[in-house]
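*Asks:* Provided herewith is a single structure, encoded as structure tokens, for subsequent inquiry.
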Amino acid sequence: MRGSLSIIAGRSNPKLAQDIAKAAGVELTACDVRRYSDGELSVEVGDNVRGHDVFVVQSTSSPGNDHLMELLMIMDALKRASAGRITAVLPYFGYARQDRKPKPRVPITAKLVADLIVTAGANRVLTMDLHADQIMGFFNIPVDNLYARPVLLSWVQEHFADQSLCIVSPDAGGVSRARAYAKKLDVSLAIIDKRRTQPNEVSEMNVVGDVSGKIAMIVDDMVDTGGTLIKAGEALLEHGATKVLACCTHPV
């Protein structure tokens with residue numbers, strides 16, 4: 001039988017961790033993270049966690065490398081403190097865009113990060129709206145990929161129930177996500193054919209589908225520079241959309 005429930009907040013989402021702990025009816029477990037003058041991090045878990053079911057809330061949001069290292073160190077400390085089970089709660093899973101090898105001599109960094117998380121001591125991973133579903137297969141431990149869809153759909157239905165709406169996928173990789181929205185809302189679907197010259201820079205966009213006279217709603221998992229949203233919005237307006245909106249999970 002699992003021991004007591006413990007929730008630890010990394011420094012990426014302290015407010016979120018506090019809200020989770022409040023909803024669970026527990027106090028946050030003390031964790032002291034310090035930085036040495038040379039940039040190294042130091043972690044110390046302040047409470048006894050022996051046999052506990054521990055959840056570490058830590059996104060790998062900016063600065064991603066610091067937050068990732070902090071997560072790994074906290075889990076290693078918990079493992080060495082004999083925690084019963086360690087769940088890494090990553091609302092945003094960084095490096096998820098590097099989930100394949102698109103050209104020679106590049107790493108598959110999402111797989112590397114998955115290996116690091118498992119090696120550090122995670123028994124389970126809890127995340128939200130992974131950039132690519134196949135990343136769940138990079139782990140040899142259970143992964144729960146939650147969806148923001150129910151929350152976003154509720155908002156869309158409340159505000160646009162009686163209006164002509166078209167769900168838009170900003171690229172080919174997001175089609176399954178956009179199709180799920182369109183099916184649930186019983187509206188049409190359009191796709192942006194996006195051509196990149198280099199990371200974070202889009203050179204050309206074409207609209208596949210009919211958006212004329214409709215409110216075009218782009219659904220995506222993350223916004224980085226916002227360049228895709230701007231160019232997609234311009235392309236949709238040029239193709240006759242009356243208004244362009246965006247529903248996105250991670251403003252990274």
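Letters for chains follow the order of the structure tokens (A, B, ...), residue numbers begin at 1 for each chain, and ligand numbers begin at 1 in the order shown.
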Select from region 106-239 of chain A everything DSSP, run on the backbone, classes as alpha helix (DSSP H), then give the selection as an NGL selection string.
*Replies:* :A and (109-120 or 149-160 or 175-185 or 227-238)
*Asks:* So, counting only C-alpha atoms, which residue among A:Lys184, A:His131, A:Arg124, A:Lys243 is closest to Pro150 (chain A)?
*Replies:* A:Lys184
*Asks:* For CA of Gln157 (chain A) and CA of Leu90 (chain A), quote the distance in Å rounded to one decimal.
*Replies:* 28.0 Å
*Asks:* If you measure from CA of Asp133 (chain A) to CA of Ser176 (chain A), what distance in Å do you get, rounded to one decimal?
*Replies:*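 Value for the CA of Asp133 (chain A)-CA of Ser176 (chain A) distance: 10.3 Å.
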*Asks:* Considering only strand (DSSP E) as DSSP defines it on the backbone, what residues of region 5-61 of chain A qualify? List them as a compact mmCIF listing (two decimals) with all heavy atoms, in the first residue's frame.
*Replies:*
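Generated file (out.txt):
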```
# COMPACT_ATOMS: atom_id res chain seq x y z
N LEU A 5 0.61 11.03 0.73
CA LEU A 5 0.74 11.83 -0.48
C LEU A 5 1.62 13.04 -0.20
O LEU A 5 1.41 13.76 0.78
CB LEU A 5 -0.64 12.28 -0.95
CG LEU A 5 -0.69 13.30 -2.10
CD1 LEU A 5 -0.16 12.67 -3.38
CD2 LEU A 5 -2.11 13.80 -2.30
N SER A 6 2.60 13.28 -1.07
CA SER A 6 3.46 14.46 -0.97
C SER A 6 3.51 15.15 -2.32
O SER A 6 3.59 14.48 -3.37
CB SER A 6 4.89 14.08 -0.54
OG SER A 6 4.90 13.55 0.77
N ILE A 7 3.45 16.47 -2.32
CA ILE A 7 3.55 17.26 -3.54
C ILE A 7 4.69 18.25 -3.38
O ILE A 7 4.74 19.00 -2.41
CB ILE A 7 2.23 18.01 -3.84
CG1 ILE A 7 1.09 17.00 -4.02
CG2 ILE A 7 2.37 18.90 -5.08
CD1 ILE A 7 -0.28 17.65 -4.17
N ILE A 8 5.60 18.25 -4.33
CA ILE A 8 6.77 19.13 -4.29
C ILE A 8 6.70 20.09 -5.46
O ILE A 8 6.41 19.69 -6.60
CB ILE A 8 8.08 18.31 -4.34
CG1 ILE A 8 8.25 17.53 -3.04
CG2 ILE A 8 9.28 19.21 -4.59
CD1 ILE A 8 9.53 16.74 -2.97
N ALA A 9 6.98 21.35 -5.20
CA ALA A 9 6.96 22.37 -6.25
C ALA A 9 8.38 22.68 -6.70
O ALA A 9 9.23 23.05 -5.88
CB ALA A 9 6.30 23.65 -5.74
N LEU A 28 2.33 21.69 0.72
CA LEU A 28 3.47 21.40 -0.13
C LEU A 28 4.65 20.90 0.71
O LEU A 28 4.91 21.42 1.79
CB LEU A 28 3.91 22.65 -0.90
CG LEU A 28 3.06 23.07 -2.10
CD1 LEU A 28 3.58 24.40 -2.67
CD2 LEU A 28 3.08 22.01 -3.18
N THR A 29 5.33 19.87 0.21
CA THR A 29 6.53 19.37 0.87
C THR A 29 7.66 20.36 0.65
O THR A 29 7.87 20.84 -0.46
CB THR A 29 6.91 17.99 0.29
OG1 THR A 29 5.86 17.07 0.57
CG2 THR A 29 8.21 17.48 0.89
N CYS A 31 11.05 22.06 -0.15
CA CYS A 31 12.16 21.75 -1.05
C CYS A 31 12.95 23.03 -1.28
O CYS A 31 12.41 24.03 -1.74
CB CYS A 31 11.64 21.19 -2.36
SG CYS A 31 12.96 20.70 -3.52
N ASP A 32 14.22 22.99 -0.94
CA ASP A 32 15.08 24.16 -1.05
C ASP A 32 15.99 24.00 -2.27
O ASP A 32 16.77 23.04 -2.35
CB ASP A 32 15.92 24.31 0.22
CG ASP A 32 16.77 25.58 0.21
OD1 ASP A 32 16.39 26.54 -0.49
OD2 ASP A 32 17.81 25.59 0.90
N VAL A 33 15.86 24.92 -3.23
CA VAL A 33 16.71 24.91 -4.43
C VAL A 33 17.57 26.16 -4.41
O VAL A 33 17.05 27.28 -4.34
CB VAL A 33 15.87 24.87 -5.72
CG1 VAL A 33 16.78 24.83 -6.94
CG2 VAL A 33 14.93 23.66 -5.72
N ARG A 34 18.86 25.96 -4.45
CA ARG A 34 19.79 27.10 -4.43
C ARG A 34 20.73 27.02 -5.63
O ARG A 34 20.88 25.98 -6.26
CB ARG A 34 20.60 27.11 -3.14
CG ARG A 34 19.72 27.23 -1.88
CD ARG A 34 20.56 27.33 -0.63
NE ARG A 34 19.72 27.42 0.57
CZ ARG A 34 20.21 27.57 1.79
NH1 ARG A 34 21.51 27.63 1.99
NH2 ARG A 34 19.38 27.65 2.82
N ARG A 35 21.36 28.15 -5.92
CA ARG A 35 22.31 28.21 -7.03
C ARG A 35 23.67 28.68 -6.52
O ARG A 35 23.77 29.69 -5.83
CB ARG A 35 21.80 29.18 -8.10
CG ARG A 35 22.66 29.20 -9.36
CD ARG A 35 22.16 30.22 -10.36
NE ARG A 35 20.85 29.89 -10.86
CZ ARG A 35 20.62 29.03 -11.86
NH1 ARG A 35 21.64 28.43 -12.46
NH2 ARG A 35 19.40 28.80 -12.26
N LEU A 41 23.18 24.08 -9.55
CA LEU A 41 22.02 24.05 -8.67
C LEU A 41 22.28 23.10 -7.51
O LEU A 41 23.03 22.13 -7.64
CB LEU A 41 20.78 23.60 -9.42
CG LEU A 41 20.27 24.52 -10.53
CD1 LEU A 41 19.13 23.85 -11.28
CD2 LEU A 41 19.83 25.85 -9.97
N SER A 42 21.63 23.38 -6.39
CA SER A 42 21.68 22.50 -5.22
C SER A 42 20.26 22.29 -4.73
O SER A 42 19.48 23.25 -4.64
CB SER A 42 22.54 23.13 -4.12
OG SER A 42 22.43 22.39 -2.91
N VAL A 43 19.90 21.04 -4.45
CA VAL A 43 18.52 20.70 -4.05
C VAL A 43 18.53 19.98 -2.71
O VAL A 43 19.38 19.11 -2.47
CB VAL A 43 17.85 19.80 -5.12
CG1 VAL A 43 16.57 19.17 -4.58
CG2 VAL A 43 17.56 20.60 -6.38
N GLU A 44 17.59 20.34 -1.83
CA GLU A 44 17.42 19.63 -0.56
C GLU A 44 15.93 19.52 -0.25
O GLU A 44 15.23 20.53 -0.15
CB GLU A 44 18.13 20.35 0.58
CG GLU A 44 17.99 19.62 1.91
CD GLU A 44 18.68 20.33 3.06
OE1 GLU A 44 19.31 21.38 2.80
OE2 GLU A 44 18.56 19.85 4.21
N VAL A 45 15.44 18.29 -0.12
CA VAL A 45 14.05 18.04 0.27
C VAL A 45 13.97 18.15 1.79
O VAL A 45 14.69 17.46 2.51
CB VAL A 45 13.57 16.66 -0.21
CG1 VAL A 45 12.14 16.39 0.26
CG2 VAL A 45 13.65 16.57 -1.73
N ASP A 53 3.96 8.67 -1.69
CA ASP A 53 3.59 8.80 -3.09
C ASP A 53 3.83 10.27 -3.46
O ASP A 53 3.06 11.15 -3.08
CB ASP A 53 2.11 8.43 -3.28
CG ASP A 53 1.75 8.13 -4.71
OD1 ASP A 53 2.64 8.23 -5.58
OD2 ASP A 53 0.59 7.78 -4.97
N VAL A 54 4.93 10.55 -4.16
CA VAL A 54 5.39 11.93 -4.34
C VAL A 54 5.14 12.41 -5.77
O VAL A 54 5.47 11.71 -6.74
CB VAL A 54 6.88 12.07 -4.02
CG1 VAL A 54 7.29 13.54 -4.05
CG2 VAL A 54 7.21 11.45 -2.66
N PHE A 55 4.56 13.60 -5.89
CA PHE A 55 4.35 14.25 -7.18
C PHE A 55 5.22 15.50 -7.26
O PHE A 55 5.13 16.37 -6.39
CB PHE A 55 2.88 14.64 -7.35
CG PHE A 55 1.95 13.46 -7.50
CD1 PHE A 55 1.57 12.72 -6.39
CD2 PHE A 55 1.47 13.09 -8.75
CE1 PHE A 55 0.73 11.62 -6.51
CE2 PHE A 55 0.63 11.99 -8.88
CZ PHE A 55 0.26 11.26 -7.77
N VAL A 56 6.08 15.55 -8.28
CA VAL A 56 6.97 16.70 -8.47
C VAL A 56 6.41 17.54 -9.61
O VAL A 56 6.37 17.10 -10.76
CB VAL A 56 8.40 16.26 -8.79
CG1 VAL A 56 9.31 17.50 -8.88
CG2 VAL A 56 8.92 15.28 -7.76
N VAL A 57 5.95 18.76 -9.30
CA VAL A 57 5.34 19.63 -10.30
C VAL A 57 6.42 20.56 -10.86
O VAL A 57 6.91 21.45 -10.16
CB VAL A 57 4.19 20.46 -9.70
CG1 VAL A 57 3.52 21.31 -10.78
CG2 VAL A 57 3.17 19.54 -9.02
```
*Asks:* Calculated over only C-alpha atoms, which of the candidates A:Ile135, A:Val219, A:Val211, A:Leu112 has the smallest distance to Pro170 (chain A)?
*Replies:*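 Ranking A:Ile135, A:Val219, A:Val211, A:Leu112 by distance to Pro170 (chain A), first place goes to A:Val219.
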*Asks:* Using only C-alpha atoms, which protein or nucleic acid residues come within 9 Å of Gln98 (chain A)? Drop anything in the same chain fewer than 5 positions from it, and give the result as a PyMOL selection string.
*Replies:* chain A and resi 107-111
*Asks:* Generate the output file for the selected residues, all heavy atoms, as a short mmCIF file (atom, residue, chain, number, x, y, z; two decimals), in the first residue's frame.
*Replies:*
```cif
data_model
loop_
_atom_site.label_atom_id
_atom_site.label_comp_id
_atom_site.auth_asym_id
_atom_site.auth_seq_id
_atom_site.Cartn_x
_atom_site.Cartn_y
_atom_site.Cartn_z
N PRO A 107 20.21 14.98 -33.08
CA PRO A 107 19.75 14.07 -32.02
C PRO A 107 18.22 13.97 -32.00
O PRO A 107 17.51 14.80 -32.57
CB PRO A 107 20.24 14.76 -30.74
CG PRO A 107 20.19 16.22 -31.09
CD PRO A 107 20.55 16.31 -32.55
N ILE A 108 17.72 12.94 -31.35
CA ILE A 108 16.29 12.85 -31.02
C ILE A 108 16.20 13.21 -29.54
O ILE A 108 16.17 12.36 -28.66
CB ILE A 108 15.73 11.45 -31.31
CG1 ILE A 108 15.99 11.07 -32.78
CG2 ILE A 108 14.22 11.39 -31.02
CD1 ILE A 108 15.51 9.68 -33.16
N THR A 109 16.15 14.50 -29.28
CA THR A 109 16.31 15.00 -27.92
C THR A 109 15.14 14.64 -27.01
O THR A 109 15.32 14.48 -25.80
CB THR A 109 16.53 16.52 -27.94
OG1 THR A 109 17.46 16.84 -28.98
CG2 THR A 109 17.09 17.01 -26.61
N ALA A 110 13.95 14.51 -27.57
CA ALA A 110 12.80 14.12 -26.75
C ALA A 110 13.04 12.75 -26.12
O ALA A 110 12.66 12.51 -24.97
CB ALA A 110 11.53 14.11 -27.58
N LYS A 111 13.65 11.85 -26.87
CA LYS A 111 13.97 10.52 -26.34
C LYS A 111 15.06 10.62 -25.27
O LYS A 111 14.99 9.95 -24.23
CB LYS A 111 14.43 9.61 -27.48
CG LYS A 111 15.06 8.28 -27.07
CD LYS A 111 14.11 7.41 -26.25
CE LYS A 111 14.76 6.05 -25.97
NZ LYS A 111 14.01 5.28 -24.95
#
```
*Asks:* Just checking: using only C-alpha atoms, which residue out of A:Arg195, A:Lys214, A:Arg149, A:Lys79 ends up closest to Cys248 (chain A)?
*Replies:* A:Arg149
*Asks:* For Gly227 (chain A), which residue out of A:Gln18, A:Arg11, A:Gly64, A:Glu204 is the nearest one, using only C-alpha atoms?
*Replies:*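 Checking each of A:Gln18, A:Arg11, A:Gly64, A:Glu204 against Gly227 (chain A), counting only C-alpha atoms, the winner is A:Glu204.
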*Asks:* Go through A:Ala30, A:Met73, A:Ala88, A:Val106 one by one, measure the shortest atom-to-atom distance of each to Ser59 (chain A) using only C-alpha atoms, and give the residue with the smallest value.
*Replies:* A:Ala88
*Asks:* Tell me, in Å to one decimal, how far CA of Val244 (chain A) is from CA of Ile215 (chain A).
*Replies:*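 So the two atoms, CA of Val244 (chain A) and CA of Ile215 (chain A), lie 6.0 Å apart.
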*Asks:* Give the answer as one residue: which of A:Glu27, A:Asp129, A:Leu185, A:Lys231 has the shortest atom-to-atom distance to Leu153 (chain A), using only C-alpha atoms?
*Replies:* A:Leu185
